[in-house]
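For reference, work37.cif (mmCIF, C-alpha atoms (C1' of nucleotides)):
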```cif
data_protein
loop_
_atom_site.label_atom_id
_atom_site.label_comp_id
_atom_site.auth_asym_id
_atom_site.auth_seq_id
_atom_site.Cartn_x
_atom_site.Cartn_y
_atom_site.Cartn_z
CA MET H 1 -0.08 3.07 -0.32
CA GLN H 2 3.66 2.80 -0.70
CA PHE H 3 6.11 0.61 -2.51
CA SER H 4 7.75 -1.71 -0.02
CA LYS H 5 11.35 -1.35 1.04
CA SER H 6 11.95 -4.70 -0.57
CA THR H 7 11.34 -3.13 -3.94
CA ALA H 8 13.80 -0.34 -3.22
CA TYR H 9 16.41 -2.83 -2.08
CA GLY H 10 15.77 -5.16 -4.98
CA LEU H 11 16.06 -2.43 -7.59
CA HIS H 12 19.27 -1.10 -6.11
CA ALA H 13 20.73 -4.57 -5.79
CA LEU H 14 20.09 -5.16 -9.48
CA MET H 15 21.72 -1.84 -10.30
CA LEU H 16 24.81 -3.00 -8.45
CA LEU H 17 24.85 -6.35 -10.21
CA ALA H 18 24.49 -4.61 -13.55
CA LYS H 19 27.49 -2.47 -12.76
CA SER H 20 29.75 -5.31 -11.72
CA GLU H 21 31.83 -6.99 -14.35
CA ARG H 22 30.05 -9.74 -16.20
CA GLY H 23 30.83 -13.26 -15.04
CA ARG H 24 31.72 -12.11 -11.55
CA ASN H 25 29.46 -13.19 -8.71
CA VAL H 26 28.53 -10.61 -6.13
CA GLY H 27 28.02 -12.02 -2.65
CA ILE H 28 25.29 -11.09 -0.23
CA LYS H 29 27.87 -9.53 2.11
CA GLU H 30 28.97 -7.10 -0.52
CA LEU H 31 25.43 -6.23 -1.52
CA SER H 32 24.17 -5.76 2.00
CA SER H 33 27.05 -3.57 3.06
CA SER H 34 26.65 -1.44 -0.05
CA LEU H 35 22.93 -1.00 0.50
CA GLY H 36 22.90 -0.84 4.27
CA ALA H 37 20.51 -3.77 4.62
CA SER H 38 20.98 -6.86 6.76
CA GLU H 39 22.29 -9.95 5.04
CA SER H 40 19.37 -12.08 6.17
CA TYR H 41 16.74 -9.69 4.92
CA LEU H 42 18.40 -8.91 1.65
CA SER H 43 18.96 -12.59 0.91
CA LYS H 44 15.22 -13.13 1.11
CA ILE H 45 14.76 -10.52 -1.54
CA MET H 46 17.49 -11.93 -3.73
CA SER H 47 15.92 -15.34 -3.37
CA LYS H 48 12.66 -14.05 -4.78
CA LEU H 49 14.47 -12.43 -7.67
CA ARG H 50 16.15 -15.72 -8.38
CA GLN H 51 12.93 -17.74 -8.24
CA ASP H 52 11.51 -15.41 -10.83
CA GLY H 53 14.49 -15.74 -13.08
CA LEU H 54 15.88 -12.22 -12.78
CA VAL H 55 19.17 -13.26 -11.22
CA ARG H 56 21.23 -16.41 -11.03
CA ALA H 57 22.78 -17.56 -7.78
CA VAL H 58 25.62 -19.90 -7.06
CA THR H 59 26.28 -21.24 -3.58
CA GLY H 60 29.62 -21.98 -2.03
CA VAL H 61 32.99 -20.31 -2.12
CA ASN H 62 33.17 -17.42 -4.58
CA GLY H 63 29.45 -17.79 -5.03
CA GLY H 64 26.95 -14.98 -5.18
CA TYR H 65 24.58 -13.40 -7.61
CA GLU H 66 24.66 -12.13 -11.14
CA LEU H 67 22.00 -10.96 -13.55
CA ALA H 68 20.25 -13.80 -15.31
CA ARG H 69 19.94 -11.75 -18.49
CA ALA H 70 21.14 -8.47 -19.91
CA ALA H 71 20.37 -5.39 -17.84
CA SER H 72 18.59 -4.00 -20.86
CA GLU H 73 16.20 -6.95 -20.70
CA ILE H 74 15.18 -6.46 -17.06
CA THR H 75 12.41 -3.92 -16.78
CA PHE H 76 11.34 -2.06 -13.68
CA LEU H 77 7.98 -3.71 -14.09
CA ASP H 78 9.60 -7.13 -13.86
CA VAL H 79 11.14 -6.22 -10.53
CA VAL H 80 8.07 -4.52 -9.13
CA GLN H 81 5.84 -7.43 -9.99
CA VAL H 82 8.14 -9.93 -8.33
CA LEU H 83 8.49 -7.94 -5.13
CA GLU H 84 5.07 -6.33 -4.84
CA GLY H 85 3.03 -9.17 -6.23
CA ARG H 86 0.90 -9.30 -9.32
CA GLN H 87 -2.51 -8.45 -7.88
CA HIS H 88 -4.22 -5.32 -9.10
CA LEU H 89 -3.59 -2.21 -7.05
CA TYR H 90 -7.29 -1.63 -6.67
CA GLU H 91 -10.06 -3.98 -5.63
CA CYS H 92 -13.69 -3.11 -5.13
CA PHE H 93 -14.19 -4.13 -1.48
CA HIS H 94 -14.83 -7.74 -0.44
CA GLY H 95 -12.57 -9.19 -3.07
CA SER H 96 -15.33 -10.56 -5.33
CA ASP H 97 -16.60 -13.30 -3.01
CA HIS H 98 -19.23 -10.92 -1.71
CA PRO H 99 -22.70 -11.06 -3.22
CA LEU H 100 -23.83 -8.00 -5.13
CA PRO H 101 -25.65 -5.37 -3.04
CA SER H 102 -29.10 -5.93 -4.46
CA LEU H 103 -29.75 -9.54 -3.61
CA GLU H 104 -32.48 -9.58 -0.95
CA ALA H 105 -34.32 -6.70 -2.56
CA ALA H 106 -35.53 -8.11 -5.85
CA GLY H 107 -36.81 -4.84 -7.19
CA ASP H 108 -38.85 -3.44 -4.31
CA GLU H 109 -36.28 -1.00 -2.98
CA PRO H 110 -35.89 1.94 -5.34
CA GLU H 111 -33.51 3.75 -2.96
CA THR H 112 -30.52 1.56 -3.84
CA PRO H 113 -29.75 2.55 -7.42
CA GLU H 114 -26.51 0.62 -7.62
CA PHE H 115 -24.09 0.27 -10.48
CA ALA H 116 -22.28 -3.00 -10.99
CA PHE H 117 -19.36 -3.72 -8.69
CA GLY H 118 -16.47 -5.99 -9.48
CA GLU H 119 -15.76 -6.22 -13.17
CA GLY H 120 -18.23 -3.85 -14.75
CA CYS H 121 -17.70 -1.23 -12.06
CA PRO H 122 -16.81 2.15 -13.55
CA VAL H 123 -14.64 2.97 -10.55
CA LYS H 124 -12.59 -0.14 -11.06
CA GLN H 125 -12.26 0.58 -14.74
CA VAL H 126 -10.66 3.93 -14.03
CA MET H 127 -8.40 2.58 -11.33
CA ASP H 128 -7.23 -0.35 -13.42
CA ALA H 129 -6.51 1.92 -16.36
CA ALA H 130 -4.52 4.23 -14.08
CA GLU H 131 -2.45 1.31 -12.90
CA LEU H 132 -1.88 0.36 -16.51
CA GLN H 133 -0.42 3.80 -17.22
CA MET H 134 2.13 3.31 -14.49
CA ASN H 135 2.94 -0.24 -15.50
CA ARG H 136 3.48 0.75 -19.08
CA TYR H 137 6.05 3.28 -18.02
CA LEU H 138 7.75 0.79 -15.74
CA GLN H 139 7.90 -1.69 -18.56
CA GLN H 140 9.62 0.79 -20.82
CA HIS H 141 12.42 1.39 -18.37
CA THR H 142 15.14 -1.09 -17.65
CA ILE H 143 18.01 -1.48 -15.23
CA GLN H 144 20.27 -0.58 -18.13
CA SER H 145 18.41 2.57 -19.08
CA ALA H 146 18.44 3.77 -15.49
CA LEU H 147 22.14 3.08 -15.36
CA ASN H 148 22.70 5.16 -18.47
CA GLN H 149 20.64 7.95 -17.02
CA ALA H 150 22.82 7.90 -13.92
CA GLY H 151 25.96 7.93 -16.00
CA SER H 152 25.00 10.98 -18.01
CA CYS H 153 23.76 13.44 -15.40
CA ASP H 154 25.61 12.05 -12.42
CA ALA H 155 29.00 11.32 -13.88
CA HIS H 156 31.03 12.37 -10.87
CA THR H 157 29.97 9.42 -8.70
CA ALA H 158 29.84 7.03 -11.62
CA SER H 159 33.59 7.12 -12.19
CA LYS H 160 34.63 3.77 -13.54
CA LYS H 161 36.87 2.71 -10.64
CA MET O 1 1.18 -2.51 -2.52
CA GLN O 2 -2.56 -2.01 -2.70
CA PHE O 3 -4.99 0.84 -2.51
CA SER O 4 -6.72 0.80 0.87
CA LYS O 5 -10.34 -0.19 1.28
CA SER O 6 -10.95 3.36 2.43
CA THR O 7 -10.24 4.55 -1.08
CA ALA O 8 -12.67 2.06 -2.55
CA TYR O 9 -15.35 3.09 -0.08
CA GLY O 10 -14.69 6.76 -0.56
CA LEU O 11 -14.86 6.59 -4.33
CA HIS O 12 -18.09 4.62 -4.29
CA ALA O 13 -19.63 6.92 -1.71
CA LEU O 14 -18.90 9.88 -3.94
CA MET O 15 -20.45 8.08 -6.88
CA LEU O 16 -23.61 7.64 -4.84
CA LEU O 17 -23.66 11.28 -3.80
CA ALA O 18 -23.20 12.33 -7.39
CA LYS O 19 -26.16 10.23 -8.39
CA SER O 20 -28.49 11.59 -5.78
CA GLU O 21 -30.53 14.64 -6.61
CA ARG O 22 -28.76 17.92 -5.97
CA GLY O 23 -29.64 19.62 -2.70
CA ARG O 24 -30.61 16.38 -1.02
CA ASN O 25 -28.45 15.18 1.82
CA VAL O 26 -27.54 11.52 1.93
CA GLY O 27 -27.15 10.11 5.43
CA ILE O 28 -24.47 7.75 6.64
CA LYS O 29 -27.07 5.02 7.14
CA GLU O 30 -28.06 5.11 3.53
CA LEU O 31 -24.47 5.17 2.35
CA SER O 32 -23.29 2.39 4.61
CA SER O 33 -26.15 0.07 3.74
CA SER O 34 -25.62 0.70 0.04
CA LEU O 35 -21.92 -0.01 0.27
CA GLY O 36 -21.98 -2.74 2.86
CA ALA O 37 -19.66 -0.89 5.24
CA SER O 38 -20.26 -0.13 8.89
CA GLU O 39 -21.61 3.31 9.74
CA SER O 40 -18.77 4.05 12.13
CA TYR O 41 -16.05 3.18 9.71
CA LEU O 42 -17.58 4.87 6.75
CA SER O 43 -18.22 8.05 8.71
CA LYS O 44 -14.50 8.29 9.39
CA ILE O 45 -13.89 8.24 5.68
CA MET O 46 -16.59 10.79 4.97
CA SER O 47 -15.09 12.99 7.64
CA LYS O 48 -11.78 13.03 5.84
CA LEU O 49 -13.46 13.85 2.57
CA ARG O 50 -15.19 16.72 4.28
CA GLN O 51 -12.03 18.07 5.88
CA ASP O 52 -10.47 18.16 2.45
CA GLY O 53 -13.40 19.98 0.95
CA LEU O 54 -14.73 17.24 -1.31
CA VAL O 55 -18.08 16.93 0.43
CA ARG O 56 -20.23 19.07 2.69
CA ALA O 57 -21.88 17.66 5.78
CA VAL O 58 -24.81 18.87 7.82
CA THR O 59 -25.62 17.42 11.21
CA GLY O 60 -29.02 16.93 12.71
CA VAL O 61 -32.37 15.88 11.36
CA ASN O 62 -32.38 15.47 7.60
CA GLY O 63 -28.66 15.97 7.67
CA GLY O 64 -26.11 14.02 5.71
CA TYR O 65 -23.60 14.54 2.96
CA GLU O 66 -23.56 16.07 -0.47
CA LEU O 67 -20.81 16.89 -2.93
CA ALA O 68 -19.08 20.16 -2.17
CA ARG O 69 -18.66 20.88 -5.89
CA ALA O 70 -19.74 19.51 -9.21
CA ALA O 71 -18.99 15.86 -9.82
CA SER O 72 -17.09 16.91 -12.90
CA GLU O 73 -14.75 18.92 -10.69
CA ILE O 74 -13.83 16.06 -8.39
CA THR O 75 -11.01 14.02 -9.86
CA PHE O 76 -10.00 10.52 -8.87
CA LEU O 77 -6.64 11.98 -7.94
CA ASP O 78 -8.33 14.29 -5.44
CA VAL O 79 -9.93 11.35 -3.72
CA VAL O 80 -6.88 9.12 -3.80
CA GLN O 81 -4.67 11.82 -2.35
CA VAL O 82 -7.05 12.49 0.51
CA LEU O 83 -7.43 8.84 1.44
CA GLU O 84 -3.99 7.46 0.62
CA GLY O 85 -1.95 10.46 1.61
CA ARG O 86 0.26 12.65 -0.49
CA GLN O 87 3.65 11.02 0.04
CA HIS O 88 5.45 9.59 -2.96
CA LEU O 89 4.81 5.95 -3.69
CA TYR O 90 8.51 5.25 -3.73
CA GLU O 91 11.24 6.18 -1.32
CA CYS O 92 14.86 5.14 -1.49
CA PHE O 93 15.28 3.32 1.86
CA HIS O 94 15.87 5.19 5.11
CA GLY O 95 13.92 8.26 4.04
CA SER O 96 16.89 10.51 3.31
CA ASP O 97 18.17 10.90 6.88
CA HIS O 98 20.64 8.12 6.24
CA PRO O 99 24.20 9.06 5.32
CA LEU O 100 25.36 8.05 1.87
CA PRO O 101 26.97 4.61 1.62
CA SER O 102 30.49 5.81 0.93
CA LEU O 103 31.22 7.74 4.10
CA GLU O 104 33.95 5.83 5.89
CA ALA O 105 35.77 5.05 2.70
CA ALA O 106 37.02 8.38 1.42
CA GLY O 107 38.25 7.03 -1.85
CA ASP O 108 40.22 3.95 -0.86
CA GLU O 109 37.58 1.35 -1.65
CA PRO O 110 37.10 0.98 -5.37
CA GLU O 111 34.59 -1.88 -4.91
CA THR O 112 31.72 0.41 -3.87
CA PRO O 113 30.97 2.32 -7.05
CA GLU O 114 27.80 3.92 -5.74
CA PHE O 115 25.40 6.22 -7.47
CA ALA O 116 23.62 8.93 -5.56
CA PHE O 117 20.62 7.92 -3.48
CA GLY O 118 17.76 10.16 -2.54
CA GLU O 119 17.13 12.88 -5.07
CA GLY O 120 19.65 12.26 -7.79
CA CYS O 121 19.06 8.51 -7.68
CA PRO O 122 18.23 7.12 -11.11
CA VAL O 123 15.99 4.48 -9.56
CA LYS O 124 13.92 7.11 -7.82
CA GLN O 125 13.70 9.14 -10.97
CA VAL O 126 12.11 6.26 -12.82
CA MET O 127 9.75 5.40 -9.98
CA ASP O 128 8.62 8.98 -9.49
CA ALA O 129 7.98 9.38 -13.18
CA ALA O 130 5.97 6.16 -13.20
CA GLU O 131 3.84 7.46 -10.35
CA LEU O 132 3.33 10.64 -12.30
CA GLN O 133 1.91 8.67 -15.22
CA MET O 134 -0.70 7.16 -12.96
CA ASN O 135 -1.52 10.41 -11.24
CA ARG O 136 -1.96 12.19 -14.53
CA TYR O 137 -4.54 9.64 -15.57
CA LEU O 138 -6.32 9.87 -12.23
CA GLN O 139 -6.42 13.63 -12.56
CA GLN O 140 -8.07 13.41 -15.95
CA HIS O 141 -10.91 11.28 -14.69
CA THR O 142 -13.68 12.59 -12.49
CA ILE O 143 -16.62 11.21 -10.58
CA GLN O 144 -18.80 12.57 -13.35
CA SER O 145 -16.86 10.96 -16.16
CA ALA O 146 -16.95 7.60 -14.40
CA LEU O 147 -20.68 8.01 -13.94
CA ASN O 148 -21.11 8.68 -17.64
CA GLN O 149 -19.05 5.64 -18.46
CA ALA O 150 -21.32 3.56 -16.24
CA GLY O 151 -24.40 4.98 -17.85
CA SER O 152 -23.35 4.12 -21.36
CA CYS O 153 -22.22 0.52 -21.08
CA ASP O 154 -24.14 -0.47 -17.99
CA ALA O 155 -27.48 1.18 -18.60
CA HIS O 156 -29.57 -1.66 -17.26
CA THR O 157 -28.61 -1.08 -13.62
CA ALA O 158 -28.42 2.67 -14.01
CA SER O 159 -32.14 3.05 -14.54
CA LYS O 160 -33.20 6.36 -13.08
CA LYS O 161 -35.44 4.91 -10.37
"C1'" DC K 1 -37.90 24.15 25.21
"C1'" DA K 2 -37.61 19.14 24.47
"C1'" DT K 3 -36.66 15.48 21.57
"C1'" DA K 4 -35.13 12.75 17.93
"C1'" DT K 5 -31.80 12.73 14.38
"C1'" DA K 6 -27.22 12.82 12.55
"C1'" DA K 7 -22.31 14.00 11.98
"C1'" DT K 8 -17.80 14.50 14.78
"C1'" DG K 9 -13.75 13.17 17.06
"C1'" DG K 10 -11.29 10.68 20.55
"C1'" DA K 11 -10.10 6.38 22.40
"C1'" DC K 12 -9.55 1.89 21.86
"C1'" DA K 13 -9.49 -3.15 19.98
"C1'" DT K 14 -8.25 -6.18 16.25
"C1'" DT K 15 -5.92 -7.83 12.30
"C1'" DA K 16 -2.79 -8.16 8.64
"C1'" DC K 17 1.44 -7.63 6.87
"C1'" DA K 18 5.91 -5.55 6.10
"C1'" DG K 19 10.14 -5.78 8.08
"C1'" DG K 20 13.53 -8.29 10.28
"C1'" DT K 21 16.22 -12.24 12.77
"C1'" DC K 22 17.92 -16.94 13.49
"C1'" DC K 23 19.16 -21.40 12.32
"C1'" DA K 24 19.57 -25.84 10.10
"C1'" DT K 25 20.55 -27.41 5.45
"C1'" DA K 26 22.51 -27.84 0.94
"C1'" DA K 27 25.84 -26.78 -2.49
"C1'" DT K 28 30.39 -25.54 -4.04
"C1'" DA K 29 35.50 -24.39 -4.40
"C1'" DA K 30 39.87 -25.09 -2.57
"C1'" DT F 1 37.45 -31.96 4.82
"C1'" DT F 2 36.71 -27.38 5.54
"C1'" DA F 3 35.33 -22.84 4.79
"C1'" DT F 4 32.18 -20.35 2.24
"C1'" DT F 5 27.76 -19.00 0.57
"C1'" DA F 6 22.92 -19.26 -0.76
"C1'" DT F 7 18.28 -21.38 0.73
"C1'" DG F 8 14.13 -21.85 3.13
"C1'" DG F 9 11.48 -22.51 7.26
"C1'" DA F 10 10.14 -20.75 11.60
"C1'" DC F 11 9.57 -17.13 14.23
"C1'" DC F 12 9.36 -12.31 16.36
"C1'" DT F 13 8.02 -7.42 16.19
"C1'" DG F 14 6.14 -2.93 15.11
"C1'" DT F 15 3.01 -0.44 12.75
"C1'" DA F 16 -0.65 0.81 9.81
"C1'" DA F 17 -5.16 -0.43 8.17
"C1'" DT F 18 -9.42 -1.78 9.72
"C1'" DG F 19 -13.14 -1.56 12.70
"C1'" DT F 20 -15.99 -0.48 17.08
"C1'" DC F 21 -17.81 2.40 20.80
"C1'" DC F 22 -19.14 6.46 23.02
"C1'" DA F 23 -19.65 11.18 24.51
"C1'" DT F 24 -20.38 15.57 22.23
"C1'" DT F 25 -22.25 18.87 19.13
"C1'" DA F 26 -25.44 20.57 15.85
"C1'" DT F 27 -29.92 20.82 13.69
"C1'" DA F 28 -34.85 20.34 12.46
"C1'" DT F 29 -39.30 19.66 14.19
"C1'" DG F 30 -43.18 19.58 17.31
#
```
Take the structure in this file and express it as structure tokens.
Amino acid sequence: MQFSKSTAYGLHALMLLAKSERGRNVGIKELSSSLGASESYLSKIMSKLRQDGLVRAVTGVNGGYELARAASEITFLDVVQVLEGRQHLYECFHGSDHPLPSLEAAGDEPETPEFAFGEGCPVKQVMDAAELQMNRYLQQHTIQSALNQAGSCDAHTASKK
Amino acid sequence: MQFSKSTAYGLHALMLLAKSERGRNVGIKELSSSLGASESYLSKIMSKLRQDGLVRAVTGVNGGYELARAASEITFLDVVQVLEGRQHLYECFHGSDHPLPSLEAAGDEPETPEFAFGEGCPVKQVMDAAELQMNRYLQQHTIQSALNQAGSCDAHTASKK
DNA sequence: CATATAATGGACATTACAGGTCCATAATAA
DNA sequence: TTATTATGGACCTGTAATGTCCATTATATG
């Protein structure tokens, strides 16, 4: 299990947009050369971010992208959910369309002492709660807060032009 | 990003082993029929769990698997790390062998105000910390605790044979 | 010892999906 | 009108997850 590269690219792209002066559009060329990603691939990612309302895009000359709202209002969770999808990280096998284990044996097979799968499943409860811990953290951190963090302990590269 | 099916199978297999009487070996046939997985596939998973010391296996007649230590000493994190690997969930693209963005421009291009990637990267700091939140939760929950949880709110299926 | 049982590990097949490219189209500023 | 720039569809590719098969090893039992 790994976060996709798309998420890494998306997060970094938003960091760049947050840094650029407000009102100025940043083109895909600039973004892709800064991040070392191809224009075609990165534009797919930016497109998703736009569809979900995280960035605005304007086509044509001097077009490009800018944040759709303040960097302090864009959480890491927002970005992750757009680029990784909103399904749960954990599913008890056969994504719920599968009949429960004890269907043909209506009580005559004592050697299958099964707990409930799917929703009531204690394994799923733990895994979902674990995911929640992570998501809560991601929701508490924004593009802006990460930017501040970078500015404080990493001031040498964050020189303001 | 999703947990693999292997993790789901592995966790449930351990739950079954924890339920079975101590000292009794549970064979792959029994496990696979209970979980609805093929014997061949599930045995691969069990093999991994054995190599990492979570279960013991004995070959031959009456052989099978049992927990290598108390169910209360096997955390969800243990299982996840065996079956998902121990790499970080997040990597800043091109796993650190890539030169930093500002290499050809030794100070003459003010339009690439880049922060450090890799270790110092503020994005990675947030993502790693988020992962840590999840892992901490997984470490605090064990096969035994999940079993208890199941017993309390799901007692109808957890009848002791 | 012989036999049935059962896990192991290697090799291999299959599938799904992330990663990545290309191109035709639409929108916009100059 | 033209150059620029994002969009979205189609498509290709590599790799990892999933899954099967088989020969081997180990063990209990008769």
Quick one: residues within 12 Å of DT20 (chain F), only C-alpha atoms (C1' of nucleotides), excluding same-chain residues fewer than 3 positions away - as a short mmCIF file (atom, residue, chain, number, x, y, z; two decimals) with C-alpha atoms (C1' of nucleotides), in the coordinates of the input?
```cif
data_model
loop_
_atom_site.label_atom_id
_atom_site.label_comp_id
_atom_site.auth_asym_id
_atom_site.auth_seq_id
_atom_site.Cartn_x
_atom_site.Cartn_y
_atom_site.Cartn_z
CA SER O 38 -20.26 -0.13 8.89
CA GLU O 39 -21.61 3.31 9.74
CA SER O 40 -18.77 4.05 12.13
CA TYR O 41 -16.05 3.18 9.71
CA LEU O 42 -17.58 4.87 6.75
CA LYS O 44 -14.50 8.29 9.39
"C1'" DA K 11 -10.10 6.38 22.40
"C1'" DC K 12 -9.55 1.89 21.86
"C1'" DA K 13 -9.49 -3.15 19.98
"C1'" DT K 14 -8.25 -6.18 16.25
#
```
Write out as CSV a residue-level contact list of chain H versus chain K with cut-off 9 Å: for each qualifying residue the closest pair of atoms and the distance in Å to one decimal, counting only C-alpha atoms (C1' of nucleotides), rows sorted by chain and residue number upward.
```
residue,atom,partner,partner_atom,distance
H:Ser4,CA,K:DA18,C1',7.5
H:Lys5,CA,K:DG19,C1',8.4
H:Ser6,CA,K:DG19,C1',8.9
H:Ser38,CA,K:DG20,C1',8.4
H:Ser40,CA,K:DT21,C1',7.3
H:Tyr41,CA,K:DG20,C1',6.4
H:Val58,CA,K:DT28,C1',8.0
H:Thr59,CA,K:DA27,C1',5.7
H:Gly60,CA,K:DT28,C1',4.2
H:Val61,CA,K:DA29,C1',5.3
H:Asn62,CA,K:DA29,C1',7.4
H:Gly63,CA,K:DT28,C1',7.9
```
Interface residues on chain F facing chain H, 10 Å, all atoms listed in the file, written as a list in words: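 Output check: DA3, DT4, DT5, DA6, DT7 and DG8 of chain F.
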Expansion of the PyMOL selection byres ((chain H and resi 15) around 9) into residues, as a list of chain:residue names: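 In the shown coordinates, the PyMOL selection byres ((chain H and resi 15) around 9) covers H:Gly10, H:Leu11, H:His12, H:Ala13, H:Leu14, H:Leu16, H:Leu17, H:Ala18, H:Lys19, H:Ser20, H:Ala71, H:Ile143, H:Gln144, H:Ala146, H:Leu147, O:Val123.
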For CA of Met127 (chain O) and CA of Leu89 (chain O), the interatomic separation in Å (one decimal):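 These two atoms are separated by 8.0 Å.
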Contacts of Asp52 (chain O) within 10 Å, all atoms listed in the file, excl. fewer than 6 positions in-chain, as a PyMOL selection string: chain O and resi 46+68+78-79+81-83
